[in-house]
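Data block below; observations after.
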Amino acid sequence: MLSRCGLAEAAVLVTPARLLSGGQLARLALAEAFHAARRRGGVVLADEFASCLDALTARVLCRQVRRLVTRWRIALVLATPRAELLRWLRPDRVIVKPLGEPARTLSGAPGATRPARWPVCRGRIADYDALGQFHYLAGRPAAHKRVYVVRPPCRWRRWGGPEIAAVLVVSPPLGCVHGRNVATGGRYATACRRDDLARLNADFECISRVVVHPIFRGLGLAVRLVRHAVAHARTDYVEALAAMGEVHPFFELAGMTRFGRYAGRAGGYHYYLAARPQSRRHA
């Protein structure tokens, strides 16, 4: 919920509330209100909504709030002096109250549009460097085969947004992974000789990094990237090892199968596997 309300950065999540800025405190209060409304139902009241946020953060927050209201059928009543946000909030009813004049009720927001689906395109490893600081593993992956990125539209970048919204890195598979042995019944358990490694590389690709800029987290970009990587894989199987699998199951939302949690050199990890259609027919 904190991520959906614009508090997705790790440094913010571990900061005491008393040390947050005014805008961060407002988003924290909004997350608490939505969390309570989701469990008990009711109405969320938000005064001076997004009044102390920059234009880009306010737009993303509006899109997130609209999705929360639609998904959980929560009633949200907000007051804001920023009429430009109506296009992103897409409210069902707008009440305008000019100073010294009676209130007027409008049906819907003028110019309201559905958010465009940002395309996934090929990128470079330098694109990962732009977002690598937000990943829990330091540095680039040891090797990479392809990079996919999602770039925000120009209108978002004009408001000071980042050049890269999300990035995914496809790498060769690791030589020995216990989760893979479980998922495949030990078929690749002996991948230590040259011939075995060649067969492993011919059959598997690994999603080694998925990073979404904190501003754009919660919009489904990670799921879209994983689906794209699986659909455009050059092998029969695509695997992923994720230490944060319990925090956000975006690999499963993208259609991959989780085979449990296993111990690794750098701690525990969740193993995910996706088989392309042609490999399922011959399984």
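In the structure tokens, chains take letters A, B, ... by order of appearance, with residues numbered from 1 within each chain and ligands from 1 in the order shown.
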Considering only C-alpha atoms, return as a PDB file with N, CA and C atoms, in the first residue's frame whatever protein or nucleic-acid residues lie within 12 Å of His232 in chain A, sequence-local ones (same chain, fewer than 4 positions apart) excluded.
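Written out: around-v2.pdb:
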```pdb
ATOM      1  N   VAL A 120       7.094  -1.701 -24.724  1.00  0.00           N
ATOM      2  CA  VAL A 120       8.340  -2.336 -24.310  1.00  0.00           C
ATOM      3  C   VAL A 120       9.262  -2.398 -25.524  1.00  0.00           C
ATOM      4  N   CYS A 121      10.492  -1.962 -25.373  1.00  0.00           N
ATOM      5  CA  CYS A 121      11.419  -1.939 -26.494  1.00  0.00           C
ATOM      6  C   CYS A 121      12.782  -2.466 -26.052  1.00  0.00           C
ATOM      7  N   ARG A 122      13.623  -2.763 -27.014  1.00  0.00           N
ATOM      8  CA  ARG A 122      14.969  -3.232 -26.711  1.00  0.00           C
ATOM      9  C   ARG A 122      15.809  -2.080 -26.190  1.00  0.00           C
ATOM     10  N   ARG A 146      20.145  -9.835 -23.399  1.00  0.00           N
ATOM     11  CA  ARG A 146      19.273  -8.786 -23.941  1.00  0.00           C
ATOM     12  C   ARG A 146      18.780  -7.913 -22.800  1.00  0.00           C
ATOM     13  N   VAL A 147      18.379  -6.703 -23.149  1.00  0.00           N
ATOM     14  CA  VAL A 147      17.821  -5.763 -22.185  1.00  0.00           C
ATOM     15  C   VAL A 147      16.530  -5.205 -22.776  1.00  0.00           C
ATOM     16  N   TYR A 148      15.466  -5.205 -21.990  1.00  0.00           N
ATOM     17  CA  TYR A 148      14.191  -4.615 -22.389  1.00  0.00           C
ATOM     18  C   TYR A 148      13.883  -3.440 -21.460  1.00  0.00           C
ATOM     19  N   VAL A 170      17.978  -9.954 -19.386  1.00  0.00           N
ATOM     20  CA  VAL A 170      17.987 -11.392 -19.641  1.00  0.00           C
ATOM     21  C   VAL A 170      19.437 -11.849 -19.689  1.00  0.00           C
ATOM     22  N   GLU A 205      16.992 -19.471 -20.439  1.00  0.00           N
ATOM     23  CA  GLU A 205      17.403 -18.084 -20.233  1.00  0.00           C
ATOM     24  C   GLU A 205      16.955 -17.677 -18.838  1.00  0.00           C
ATOM     25  N   LEU A 225       6.920  -6.334 -18.431  1.00  0.00           N
ATOM     26  CA  LEU A 225       8.271  -6.656 -18.870  1.00  0.00           C
ATOM     27  C   LEU A 225       8.525  -8.164 -18.821  1.00  0.00           C
ATOM     28  N   VAL A 226       8.105  -8.820 -17.754  1.00  0.00           N
ATOM     29  CA  VAL A 226       8.323 -10.258 -17.629  1.00  0.00           C
ATOM     30  C   VAL A 226       7.541 -11.004 -18.713  1.00  0.00           C
ATOM     31  N   ARG A 227       6.303 -10.631 -18.936  1.00  0.00           N
ATOM     32  CA  ARG A 227       5.530 -11.273 -20.003  1.00  0.00           C
ATOM     33  C   ARG A 227       6.199 -11.094 -21.355  1.00  0.00           C
ATOM     34  N   HIS A 228       6.729  -9.916 -21.598  1.00  0.00           N
ATOM     35  CA  HIS A 228       7.397  -9.654 -22.869  1.00  0.00           C
ATOM     36  C   HIS A 228       8.655 -10.507 -23.000  1.00  0.00           C
ATOM     37  N   ASP A 236      13.480 -22.631 -24.756  1.00  0.00           N
ATOM     38  CA  ASP A 236      12.212 -23.244 -24.371  1.00  0.00           C
ATOM     39  C   ASP A 236      11.778 -22.839 -22.973  1.00  0.00           C
ATOM     40  N   TYR A 237      12.744 -22.515 -22.098  1.00  0.00           N
ATOM     41  CA  TYR A 237      12.424 -22.223 -20.708  1.00  0.00           C
ATOM     42  C   TYR A 237      13.026 -20.880 -20.299  1.00  0.00           C
ATOM     43  N   VAL A 238      12.293 -20.180 -19.455  1.00  0.00           N
ATOM     44  CA  VAL A 238      12.764 -18.931 -18.862  1.00  0.00           C
ATOM     45  C   VAL A 238      12.634 -19.074 -17.350  1.00  0.00           C
ATOM     46  N   ALA A 275       7.562 -22.108 -19.195  1.00  0.00           N
ATOM     47  CA  ALA A 275       7.846 -22.918 -20.378  1.00  0.00           C
ATOM     48  C   ALA A 275       7.081 -22.348 -21.554  1.00  0.00           C
ATOM     49  N   ARG A 276       7.767 -22.137 -22.661  1.00  0.00           N
ATOM     50  CA  ARG A 276       7.107 -21.630 -23.856  1.00  0.00           C
ATOM     51  C   ARG A 276       6.198 -22.711 -24.436  1.00  0.00           C
ATOM     52  N   PRO A 277       5.186 -22.348 -25.229  1.00  0.00           N
ATOM     53  CA  PRO A 277       4.182 -23.326 -25.697  1.00  0.00           C
ATOM     54  C   PRO A 277       4.771 -24.543 -26.385  1.00  0.00           C
TER      55      PRO A 277
END
```
All helix (DSSP H, G or I) positions in range 126-216 of chain A, as an mmCIF file with C-alpha atoms, in the first residue's frame:
```cif
data_model
loop_
_atom_site.group_PDB
_atom_site.id
_atom_site.type_symbol
_atom_site.label_atom_id
_atom_site.label_comp_id
_atom_site.auth_asym_id
_atom_site.auth_seq_id
_atom_site.Cartn_x
_atom_site.Cartn_y
_atom_site.Cartn_z
ATOM 1 C CA ALA A 126 23.554 1.237 -19.932
ATOM 2 C CA ASP A 127 19.789 1.582 -19.508
ATOM 3 C CA TYR A 128 20.028 -0.770 -16.550
ATOM 4 C CA ASP A 129 22.709 1.463 -15.044
ATOM 5 C CA ALA A 130 20.142 4.277 -14.946
ATOM 6 C CA LEU A 131 17.979 2.268 -12.512
ATOM 7 C CA GLY A 132 20.539 -0.096 -10.984
ATOM 8 C CA GLN A 133 20.774 2.007 -7.832
ATOM 9 C CA PHE A 134 17.200 0.972 -6.972
ATOM 10 C CA CYS A 154 7.658 12.568 -23.777
ATOM 11 C CA ARG A 155 4.934 14.400 -21.876
ATOM 12 C CA TRP A 156 6.029 12.657 -18.678
ATOM 13 C CA ARG A 157 9.695 13.443 -19.262
ATOM 14 C CA HIS A 178 18.557 -26.308 -6.721
ATOM 15 C CA GLY A 179 15.201 -24.781 -7.620
ATOM 16 C CA ARG A 180 15.741 -25.732 -11.276
ATOM 17 C CA ASN A 181 16.520 -29.307 -10.261
ATOM 18 C CA VAL A 182 13.239 -29.477 -8.356
ATOM 19 C CA ALA A 183 11.244 -27.927 -11.203
ATOM 20 C CA ARG A 194 30.958 -28.681 -21.241
ATOM 21 C CA ASP A 195 28.265 -30.675 -23.047
ATOM 22 C CA ASP A 196 25.838 -30.340 -20.145
ATOM 23 C CA LEU A 197 26.414 -26.596 -19.925
ATOM 24 C CA ALA A 198 25.848 -26.229 -23.661
ATOM 25 C CA ARG A 199 22.507 -28.034 -23.358
ATOM 26 C CA LEU A 200 21.565 -25.874 -20.390
ATOM 27 C CA ASN A 201 22.357 -22.659 -22.296
ATOM 28 C CA ALA A 202 20.385 -23.905 -25.292
ATOM 29 C CA ASP A 203 17.309 -24.645 -23.175
ATOM 30 C CA PRO A 214 10.124 4.215 -7.560
ATOM 31 C CA ILE A 215 7.880 6.880 -9.108
ATOM 32 C CA PHE A 216 6.263 4.315 -11.429
#
```
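Near Ala17 in chain A, within 12 Å and counting only C-alpha atoms, sit Leu7, Val12, Leu13, Val14, Leu20, Ser21, Gly22, Gly23, Gln24, Leu25, Ala26, Arg27, Leu28 and Ala29 of chain A; same-chain residues fewer than 3 positions away were not included.
Closest approach to Val65 in chain A from the set A:Gly42, A:Ser3, A:Glu101, A:Ala10 is made by A:Ser3, with distances taken over only C-alpha atoms.
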- Selection near Ile74 in chain A, 7 Å with only C-alpha atoms, sequence-local residues under 6 positions removed, as a PyMOL selection string: chain A and resi 37+41-43
- In Å and to one decimal, CA of Ala11 in chain A is distant from CA of Gln64 in chain A by 20.8 Å
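Comparing the minimum interatomic distances between Arg217 in chain A and each of A:Ala8, A:Ala103, A:Val149, A:Leu2, counting only C-alpha atoms, we find that A:Ala8 sits nearest.
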- Compare A:Gly139, A:Pro81, A:Pro172, A:Pro98 by their minimum atom-to-atom distance to Thr235 in chain A, counting only C-alpha atoms, and give me the closest one. A:Pro172
- Taking the chain letters and numbering used in this document, name the residues of range 182-235 of chain A that DSSP puts in strand (DSSP E), as a VMD selection string. chain A and resid 204 to 212
Now that the selection is made, can you save its residues with C-alpha atoms as a PDB file, in the first residue's frame?
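What landed in out25.pdb:
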```pdb
ATOM      1  CA  PHE A 204      17.295 -21.854 -20.575  1.00  0.00           C
ATOM      2  CA  GLU A 205      17.403 -18.084 -20.233  1.00  0.00           C
ATOM      3  CA  CYS A 206      17.374 -16.300 -16.890  1.00  0.00           C
ATOM      4  CA  ILE A 207      15.645 -13.043 -15.954  1.00  0.00           C
ATOM      5  CA  SER A 208      18.431 -11.681 -13.775  1.00  0.00           C
ATOM      6  CA  ARG A 209      17.194  -8.136 -13.073  1.00  0.00           C
ATOM      7  CA  VAL A 210      13.823  -6.371 -13.020  1.00  0.00           C
ATOM      8  CA  VAL A 211      13.833  -2.784 -11.769  1.00  0.00           C
ATOM      9  CA  VAL A 212      11.051  -0.206 -11.824  1.00  0.00           C
TER      10      VAL A 212
END
```
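From CA of Ala50 in chain A back to CA of Thr80 in chain A, the distance works out to 7.2 Å.
Counting only C-alpha atoms, the residue from A:Gly268, A:Gly255, A:Gly220, A:Pro16 that sits nearest to Arg63 in chain A is A:Gly220.
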- Write out as a list in words each polymer residue whose atoms come within 7 Å of Leu241 in chain A, counting only C-alpha atoms; drop sequence neighbours fewer than 5 positions from it. Tyr269, His270, Tyr271 and Tyr272 of chain A
